[in-house]
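Undergrad: Structure file final_7.txt (compact mmCIF, C-alpha atoms and all ligand atoms) is given on the next line.
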# COMPACT_ATOMS: atom_id res chain seq x y z
CA MET A 1 77.98 132.39 47.34
CA HIS A 2 77.99 134.91 50.11
CA ILE A 3 80.00 138.06 49.45
CA PRO A 4 80.95 139.69 52.76
CA ARG A 5 79.83 143.29 53.00
CA ARG A 6 82.32 146.00 53.73
CA SER A 7 80.82 146.57 57.16
CA ALA A 8 81.40 142.96 58.08
CA LEU A 9 84.99 143.07 56.88
CA SER A 10 85.79 146.22 58.83
CA ARG A 11 84.81 144.47 62.03
CA LEU A 12 87.33 141.69 61.49
CA ALA A 13 90.00 143.59 63.37
CA LEU A 14 88.06 143.19 66.62
CA PRO A 15 88.11 139.40 66.99
CA ALA A 16 91.67 139.25 65.72
CA LEU A 17 93.12 139.64 69.19
CA ALA A 18 95.33 136.73 70.12
CA ALA A 19 94.69 136.99 73.82
CA VAL A 20 95.83 134.05 75.89
CA LEU A 21 93.20 132.87 78.30
CA TRP A 22 93.31 130.31 81.03
CA ALA A 23 89.64 129.56 81.34
CA SER A 24 88.48 127.55 84.34
CA GLY A 25 85.42 125.37 84.35
CA ALA A 26 83.42 128.17 85.86
CA THR A 27 84.74 131.16 83.98
CA ALA A 28 83.69 132.24 80.52
CA ALA A 29 86.16 134.43 78.73
CA SER A 30 86.19 135.85 75.22
CA ALA A 31 89.14 136.78 73.06
CA GLN A 32 88.43 140.33 74.16
CA GLY A 33 89.02 139.32 77.74
CA THR A 34 85.50 139.84 79.06
CA SER A 35 84.14 137.44 81.64
CA ALA A 36 80.75 135.89 82.18
CA PRO A 37 79.34 135.34 85.68
CA ALA A 38 81.03 132.52 87.55
CA ALA A 39 78.92 129.40 87.93
CA SER A 40 80.12 128.45 91.39
CA ALA A 41 82.78 129.50 93.85
CA ALA A 42 83.84 125.91 94.40
CA SER A 43 84.93 125.25 90.83
CA ASN A 44 86.64 128.65 90.69
CA ALA A 45 89.26 127.29 93.04
CA LYS A 46 90.23 124.58 90.53
CA ALA A 47 93.15 125.06 88.20
CA ALA A 48 92.21 126.02 84.67
CA ALA A 49 91.43 123.02 82.51
CA ALA A 50 92.81 124.40 79.26
CA GLN A 51 94.32 127.38 77.55
CA VAL A 52 92.40 128.48 74.48
CA GLU A 53 93.84 130.86 71.90
CA GLY A 54 92.66 132.33 68.63
CA GLY A 55 89.12 131.01 68.90
CA TRP A 56 86.56 132.02 66.30
CA VAL A 57 83.35 130.86 64.64
CA ARG A 58 82.76 131.21 60.90
CA ALA A 59 79.95 133.66 60.13
CA THR A 60 76.77 132.37 58.46
CA VAL A 61 73.98 133.81 56.37
CA ALA A 62 70.23 133.30 56.80
CA GLY A 63 69.23 129.73 56.04
CA GLN A 64 72.69 128.27 56.55
CA GLN A 65 72.43 125.11 58.64
CA GLY A 66 75.96 124.62 59.90
CA THR A 67 79.32 126.23 60.45
CA GLY A 68 82.69 125.57 62.04
CA ALA A 69 84.46 126.79 65.16
CA PHE A 70 88.22 126.89 65.37
CA MET A 71 90.83 127.47 68.07
CA ARG A 72 94.07 126.28 69.59
CA ILE A 73 93.70 124.28 72.82
CA THR A 74 96.57 123.57 75.21
CA THR A 75 96.34 121.72 78.52
CA ARG A 76 98.79 121.35 81.39
CA GLU A 77 97.93 117.71 82.00
CA PRO A 78 96.81 114.82 79.79
CA MET A 79 93.19 115.38 78.77
CA GLN A 80 90.68 114.26 76.22
CA LEU A 81 88.44 116.57 74.25
CA LEU A 82 85.11 114.76 74.42
CA ALA A 83 82.44 117.12 73.17
CA VAL A 84 81.34 120.65 72.51
CA ARG A 85 78.14 122.45 73.49
CA THR A 86 76.60 125.68 72.33
CA PRO A 87 73.11 127.10 72.66
CA VAL A 88 73.13 128.39 69.06
CA ALA A 89 73.19 124.90 67.53
CA GLY A 90 70.85 121.95 67.87
CA GLU A 91 73.86 119.69 67.58
CA ALA A 92 77.61 120.24 67.95
CA GLU A 93 80.41 117.74 67.36
CA VAL A 94 84.16 117.50 67.11
CA HIS A 95 84.86 116.69 63.44
CA GLU A 96 87.85 115.39 61.59
CA MET A 97 88.63 115.47 57.87
CA LYS A 98 89.31 112.14 56.20
CA MET A 99 90.09 111.12 52.64
CA GLU A 100 87.50 108.61 51.44
CA GLY A 101 87.78 107.35 47.88
CA GLY A 102 89.77 110.42 46.87
CA VAL A 103 87.24 112.80 48.39
CA MET A 104 87.84 114.80 51.56
CA ARG A 105 84.93 114.27 53.93
CA MET A 106 84.29 115.23 57.52
CA ARG A 107 82.95 113.01 60.22
CA PRO A 108 82.70 112.85 64.04
CA ALA A 109 86.19 112.46 65.45
CA GLY A 110 85.45 110.80 68.79
CA ALA A 111 87.58 111.69 71.81
CA ILE A 112 90.74 113.63 70.96
CA ALA A 113 93.81 113.19 73.17
CA LEU A 114 95.53 116.33 74.40
CA GLN A 115 99.14 116.04 75.53
CA PRO A 116 100.44 118.54 78.09
CA GLY A 117 101.91 121.62 76.45
CA GLN A 118 101.20 120.38 72.93
CA PRO A 119 98.64 122.67 71.29
CA LEU A 120 95.71 121.00 69.55
CA GLU A 121 94.87 122.99 66.42
CA LEU A 122 91.22 123.13 65.39
CA LYS A 123 91.33 124.80 61.99
CA PRO A 124 89.55 125.05 58.64
CA GLY A 125 90.40 121.98 56.57
CA GLY A 126 91.39 119.97 59.64
CA LEU A 127 90.03 119.01 63.01
CA HIS A 128 87.22 121.43 63.87
CA LEU A 129 84.13 121.96 65.96
CA MET A 130 81.00 121.55 63.85
CA LEU A 131 77.92 123.52 64.82
CA MET A 132 74.86 122.01 63.13
CA ASP A 133 71.12 122.66 63.06
CA LEU A 134 71.80 126.34 63.74
CA LYS A 135 68.97 128.14 65.49
CA ARG A 136 69.81 131.55 64.02
CA PRO A 137 72.27 133.19 61.64
CA LEU A 138 75.66 134.04 63.15
CA PRO A 139 76.67 137.46 61.81
CA ALA A 140 80.28 138.62 61.79
CA GLY A 141 81.01 140.74 64.82
CA SER A 142 78.69 138.82 67.13
CA GLN A 143 79.74 136.35 69.81
CA VAL A 144 78.86 132.72 70.37
CA PRO A 145 79.02 130.91 73.72
CA VAL A 146 80.84 127.61 73.28
CA THR A 147 81.63 125.11 76.03
CA LEU A 148 84.35 122.51 75.58
CA VAL A 149 83.91 119.26 77.50
CA LEU A 150 87.23 117.69 78.51
CA LYS A 151 88.08 114.66 80.61
CA ASP A 152 91.23 114.52 82.70
CA ALA A 153 93.42 111.48 83.37
CA GLN A 154 91.37 110.68 86.49
CA GLY A 155 88.25 110.50 84.38
CA VAL A 156 86.81 113.72 85.76
CA GLU A 157 84.92 115.88 83.28
CA ARG A 158 86.12 119.47 83.02
CA THR A 159 84.37 122.17 81.04
CA VAL A 160 85.85 125.28 79.48
CA ALA A 161 83.31 128.01 78.76
CA LEU A 162 84.23 130.43 75.98
CA GLN A 163 82.72 133.41 74.19
CA LEU A 164 84.00 133.12 70.62
CA PRO A 165 83.96 135.99 68.13
CA VAL A 166 82.16 135.38 64.85
CA ALA A 167 84.18 136.29 61.75
CA VAL A 168 84.04 135.80 57.98
CA MET A 169 87.59 134.50 57.89
CA ALA A 170 90.29 133.49 60.34
CA PRO A 171 91.68 136.21 62.57
CA GLN A 172 95.34 137.12 62.11
CA GLY A 173 97.91 134.37 62.30
CA LEU A 174 95.50 131.51 61.70
CA PRO A 175 94.95 129.42 58.58
CA THR A 176 92.36 130.73 56.13
CA GLN A 177 91.40 127.73 53.99
CA PRO A 178 87.65 127.34 53.51
CA HIS A 179 85.80 125.01 55.84
CU CU A 201 82.46 119.46 60.15
Represent the structure from my file as structure tokens, please.
TA:
Amino acid sequence: MHIPRRSALSRLALPALAAVLWASGATAASAQGTSAPAASAASNAKAAAAQVEGGWVRATVAGQQGTGAFMRITTREPMQLLAVRTPVAGEAEVHEMKMEGGVMRMRPAGAIALQPGQPLELKPGGLHLMLMDLKRPLPAGSQVPVTLVLKDAQGVERTVALQLPVAVMAPQGLPTQPH
């Protein structure tokens, strides 16, 4: 079992910001409010696809193959959460937890419906983003680019690019059950 070092714990305050971000398909924003270069001016003009709050990725140690990413997603129109992409993982999926024969297991969740103004909670022990086949360890205090792929009611795909802080446990105000 991995025991977090004191240095890792002291950095937990940083990603604990509960900044509210309206991220457009072309704008990457972290919980610290920094922005990545815009992909194109055209998609900048679009309304933001989703509001993402409290996003974080669970820290890993060397050799660990997978981890979870968690956040609260709110949209202004009906949407579906279709997929997740990140360059740090060979494979990334939306997972759900299901009781099977008295055992809690996780499995791909398929498309998740988002209702306007109703936050979708991705949290440890529940619906989550699963990052698998990790290409490198994800130390606490680092950041991970994660792109959500959504589909609106017209069937148009919308992406939300995020920079998520890596932490040993949930930032303030979020559930802390183990993944
Ligand atoms: Cu999972």
Undergrad: Check every protein, DNA and RNA residue against ligand CU 201 (chain A), keep those with an atom at most 10 Å away (counting all atoms listed in the file), and present them as a list in words.
TA: Gly66, Thr67, Gly68, Ala69, Ala92, Glu93, Val94, His95, Glu96, Met97, Arg105, Met106, Arg107, Pro108, Ala109, Pro124, Gly125, Gly126, Leu127, His128, Leu129, Met130, Leu131, Met132 and His179 of chain A
Undergrad: Which is closest to A:Thr159 among A:Ala140, A:Ala48, A:Ala111, A:Ile73, if we use all atoms listed in the file?
TA: A:Ala48
Undergrad: Which residue, A:Val166, A:Ala49, A:Leu81, A:Met71, has the smallest gap to A:Glu121 when you use all atoms listed in the file?
TA: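 Checking each candidate against A:Glu121, we get A:Met71 as the closest.
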Undergrad: Atom CA of A:Gly54 to atom CA of A:Leu164: how many Å, to one decimal?
TA: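 Interatomic distance here is 8.9 Å.
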Undergrad: Counting only C-alpha atoms, what is within 12 Å of A:Pro87, bar same-chain residues fewer than 5 positions away, as a list of chain:residue names?
TA: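 Listed by chain and then number, they are A:Ala92, A:Leu131, A:Met132, A:Asp133, A:Leu134, A:Lys135, A:Arg136, A:Gln143, A:Val144, A:Pro145, A:Val146, A:Thr147, A:Ala161, A:Gln163.
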Undergrad: Take the residues just selected and output them with C-alpha atoms as a PDB file, in the coordinates of the input.
TA:
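And here is the file that came out, out.pdb:
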ATOM      1  CA  ALA A  92      77.610 120.240  67.950  1.00  0.00           C
ATOM      2  CA  LEU A 131      77.920 123.520  64.820  1.00  0.00           C
ATOM      3  CA  MET A 132      74.860 122.010  63.130  1.00  0.00           C
ATOM      4  CA  ASP A 133      71.120 122.660  63.060  1.00  0.00           C
ATOM      5  CA  LEU A 134      71.800 126.340  63.740  1.00  0.00           C
ATOM      6  CA  LYS A 135      68.970 128.140  65.490  1.00  0.00           C
ATOM      7  CA  ARG A 136      69.810 131.550  64.020  1.00  0.00           C
ATOM      8  CA  GLN A 143      79.740 136.350  69.810  1.00  0.00           C
ATOM      9  CA  VAL A 144      78.860 132.720  70.370  1.00  0.00           C
ATOM     10  CA  PRO A 145      79.020 130.910  73.720  1.00  0.00           C
ATOM     11  CA  VAL A 146      80.840 127.610  73.280  1.00  0.00           C
ATOM     12  CA  THR A 147      81.630 125.110  76.030  1.00  0.00           C
ATOM     13  CA  ALA A 161      83.310 128.010  78.760  1.00  0.00           C
ATOM     14  CA  GLN A 163      82.720 133.410  74.190  1.00  0.00           C
TER      15      GLN A 163
END
Undergrad: Pick the closest to A:Leu114 from A:Lys151, A:Arg85, A:Lys98, A:Arg58: which is it, counting only C-alpha atoms?
TA: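 So, comparing all the options, the nearest one is A:Lys151.
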